[in-house]
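Heads up: the structure comes next, in structure tokens.
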Amino acid sequence: MKRSRIGDLPMRVIYRFLAVGLAVVLAAVAAVVGFVSSGSPDQPGEGKTGQIAAPSAAPPSPGSGSAEPSVPATSATSAEPSASTPAQASPSGTPSASASPSESSTETTAPSSAPDGSEPAPDRSAVIAALVDPRVPDLPRDKRLGRLSGKADKSKRRVRDGKSGVSLVRLGKPWKVFGASPFSTKQVLPKAKGAAHRAMLVSCPVPILVQKEAKDTALLAARWTLNHHPKGGKITWTASQPIKNGWLLAYRVKYKVKGKARFSMAAVAVTEISGAKPAMLFATIPDAQSKYWRAINTAVSSLKLR
């Protein structure tokens, strides 16, 4: 029996064998690719139910009209997000990054401005706090400042306050102009024996938060002046009245010096200045120099816009 050799086969038979072999190889390759592309259960895959589809890496085209970046879509079955990219669902259902407390509260805590862009008027919280202070009693109803004891000062000279935009009387001797700091202008009397502080007449822009009402601004200013009286001083009002473009408060400040009750006569006048902080005039004279109290009447009546 003769053995057949490949060289004896016709060419068409050889081609047929080659085609069949190639088809088998291609089928095997396709099966392997299909198995790999299906993915294993432990690895996120594309299109599987319950998995988050990978976001598109391509940026939106300029002509698409969308101003927001694309957001990864989720399937109907919710899956746990990856720990490396935590997200929270916003009320609209769109996943969004978690904001810090300061960022999330900015919109609700920022103060509102007036329609013209100016700062909102302050509330009366500072005034309420001042009236709770045991050193400061409630303001009386409008009460005029009476003529205080002492001789009237007839000086016609004036002191100009460039910082406050006002001018006031320059009192005659024994008053003298002194180093102004921390005020804008300052006049003082020689220190009296037994007095715990020096008599002075000063002016400056109000050193406190300006209130909507001049009366409230004057109240806060009067409370602030306790810093320039002996420790433990308490106010007793003697006058509360409107003045031109502002408000006047006169008061006694009671305190103790070496265990003995003493007091000073004092006054604060607040005058509103266009385009600037109100000007403040402050005078205080201890009881040891009561013969100069009348200078308070003179100073208050002399206050004018510069």
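Starting from 1 in every chain, residues are counted up; chains themselves are A, B, ... following the order of the structure tokens, and ligands are numbered from 1 as listed.
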
Q: Write out as a ChimeraX atom specification which residues come within 6 Å of Trp247 in chain A when counting only C-alpha atoms, dropping same-chain ones fewer than 3 positions away.
A: /A:214-215,241-243,269-270

List as a Markdown table every residue of range 168-264 of chain A that is in contact with range 272-278 of chain A, defined as an atom at most 12 Å from one of its atoms (using only C-alpha atoms), together with the nearest atom pair and the distance in Å rounded to one decimal, sorted by chain and then rising number.
```
| residue | atom | partner | partner_atom | distance |
| --- | --- | --- | --- | --- |
| A:Ser203 | CA | A:Pro278 | CA | 10.8 |
| A:Cys204 | CA | A:Pro278 | CA | 8.8 |
| A:Pro205 | CA | A:Pro278 | CA | 5.8 |
| A:Val206 | CA | A:Pro278 | CA | 5.9 |
| A:Pro207 | CA | A:Lys277 | CA | 9.2 |
| A:Ile208 | CA | A:Lys277 | CA | 9.8 |
| A:Leu209 | CA | A:Lys277 | CA | 9.4 |
| A:Val210 | CA | A:Lys277 | CA | 7.4 |
| A:Gln211 | CA | A:Pro278 | CA | 10.1 |
| A:Lys212 | CA | A:Glu272 | CA | 11.0 |
| A:Glu213 | CA | A:Glu272 | CA | 10.2 |
| A:Ala214 | CA | A:Glu272 | CA | 7.7 |
| A:Lys215 | CA | A:Glu272 | CA | 11.1 |
| A:Thr217 | CA | A:Pro278 | CA | 8.9 |
| A:Ala218 | CA | A:Pro278 | CA | 9.9 |
| A:Ala221 | CA | A:Pro278 | CA | 10.9 |
| A:Pro242 | CA | A:Glu272 | CA | 11.9 |
| A:Ile243 | CA | A:Glu272 | CA | 10.4 |
| A:Lys244 | CA | A:Glu272 | CA | 8.8 |
| A:Asn245 | CA | A:Glu272 | CA | 5.5 |
| A:Gly246 | CA | A:Glu272 | CA | 5.8 |
| A:Trp247 | CA | A:Glu272 | CA | 9.1 |
| A:Leu248 | CA | A:Glu272 | CA | 11.9 |
```

Q: Using backbone DSSP assignments, extract all helix (DSSP H, G or I) residues from range 104-235 of chain A; output them as a list in words.
A: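 The residues of range 104-235 of chain A classed as helix (DSSP H, G or I) are Ser104, Ser105, Thr106, Glu107, Thr108, Thr109, Ser125, Ala126, Val127, Ile128, Ala129, Ala130, Leu131, Val132, Ala214, Lys215, Asp216, Thr217, Ala218, Leu219, Leu220, Ala221, Ala222, Arg223, Trp224, Thr225, Leu226, Asn227 and His228 of chain A.
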
(Q) When you look at range 185-200 of chain A with a cut-off of 9 Å (counting only C-alpha atoms), what residues show up, excluding the ones that are within fewer than 6 positions of it in the same chain? I need them as number ranges by chain. (A) A: 159-161, 170-171, 173-179, 228-230, 256-257, 262, 264, 282-289

Any chance you can output those residues with C-alpha atoms as a PDB file, in the first residue's frame?
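For reference, selection.pdb as written:
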```pdb
ATOM      1  CA  VAL A 159      -9.074 125.629  68.871  1.00  0.00           C
ATOM      2  CA  ARG A 160      -9.515 123.904  65.508  1.00  0.00           C
ATOM      3  CA  ASP A 161      -9.756 120.143  65.351  1.00  0.00           C
ATOM      4  CA  ARG A 170      -9.834 127.909  73.746  1.00  0.00           C
ATOM      5  CA  LEU A 171     -10.411 128.498  77.439  1.00  0.00           C
ATOM      6  CA  LYS A 173      -6.078 130.815  82.168  1.00  0.00           C
ATOM      7  CA  PRO A 174      -5.521 128.675  84.165  1.00  0.00           C
ATOM      8  CA  TRP A 175      -6.564 126.360  81.312  1.00  0.00           C
ATOM      9  CA  LYS A 176      -3.788 125.547  78.882  1.00  0.00           C
ATOM     10  CA  VAL A 177      -3.368 123.517  75.704  1.00  0.00           C
ATOM     11  CA  PHE A 178      -1.650 120.228  76.482  1.00  0.00           C
ATOM     12  CA  GLY A 179      -0.364 117.188  74.548  1.00  0.00           C
ATOM     13  CA  HIS A 228     -10.617 108.415  81.880  1.00  0.00           C
ATOM     14  CA  HIS A 229     -12.128 108.579  85.374  1.00  0.00           C
ATOM     15  CA  PRO A 230     -10.961 106.875  88.568  1.00  0.00           C
ATOM     16  CA  LYS A 256     -13.965 106.748  95.814  1.00  0.00           C
ATOM     17  CA  VAL A 257     -10.538 108.184  96.529  1.00  0.00           C
ATOM     18  CA  ARG A 262     -15.804 111.916  95.419  1.00  0.00           C
ATOM     19  CA  SER A 264     -16.553 114.725  88.786  1.00  0.00           C
ATOM     20  CA  PHE A 282     -15.655 115.504  76.212  1.00  0.00           C
ATOM     21  CA  ALA A 283     -15.160 117.544  79.384  1.00  0.00           C
ATOM     22  CA  THR A 284     -14.549 116.361  82.939  1.00  0.00           C
ATOM     23  CA  ILE A 285     -13.766 118.452  86.038  1.00  0.00           C
ATOM     24  CA  PRO A 286     -13.368 116.944  89.548  1.00  0.00           C
ATOM     25  CA  ASP A 287     -15.308 118.294  92.517  1.00  0.00           C
ATOM     26  CA  ALA A 288     -12.071 119.718  93.936  1.00  0.00           C
ATOM     27  CA  GLN A 289     -12.242 122.282  91.073  1.00  0.00           C
TER      28      GLN A 289
END
```

Q | Non-local contacts of Leu305 in chain A (8 Å; only C-alpha atoms; under 6 positions in same chain excluded) as a ChimeraX atom specification | A | /A:165-167,273

**Q.** Best match for closeness to Val202 in chain A among A:Ile296, A:Leu226, A:Gly172, A:Ala250, counting only C-alpha atoms
**A.** A:Ile296

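Shortest atom-to-atom contact with Thr238 in chain A among A:Met280, A:Leu303, A:Val268, A:Leu145: A:Leu145, counting only C-alpha atoms.
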
Q) Could you work out how far CA of Lys254 in chain A lies from CA of Ala152 in chain A, giving the answer in Å with one decimal? A) 24.8 Å

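Between CA of Lys163 in chain A and CA of Val300 in chain A the interatomic distance comes to 18.3 Å.
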
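Here CA of Pro140 in chain A is placed at a distance of 28.1 Å from CA of Val169 in chain A.
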
Q: Enumerate as a PyMOL selection string all residues of range 139-226 of chain A assigned to strand (DSSP E) by DSSP on the backbone, naming them with the chain letters and numbers the document uses.
A: chain A and resi 158-161+166-169+176-177+185-188+200-205
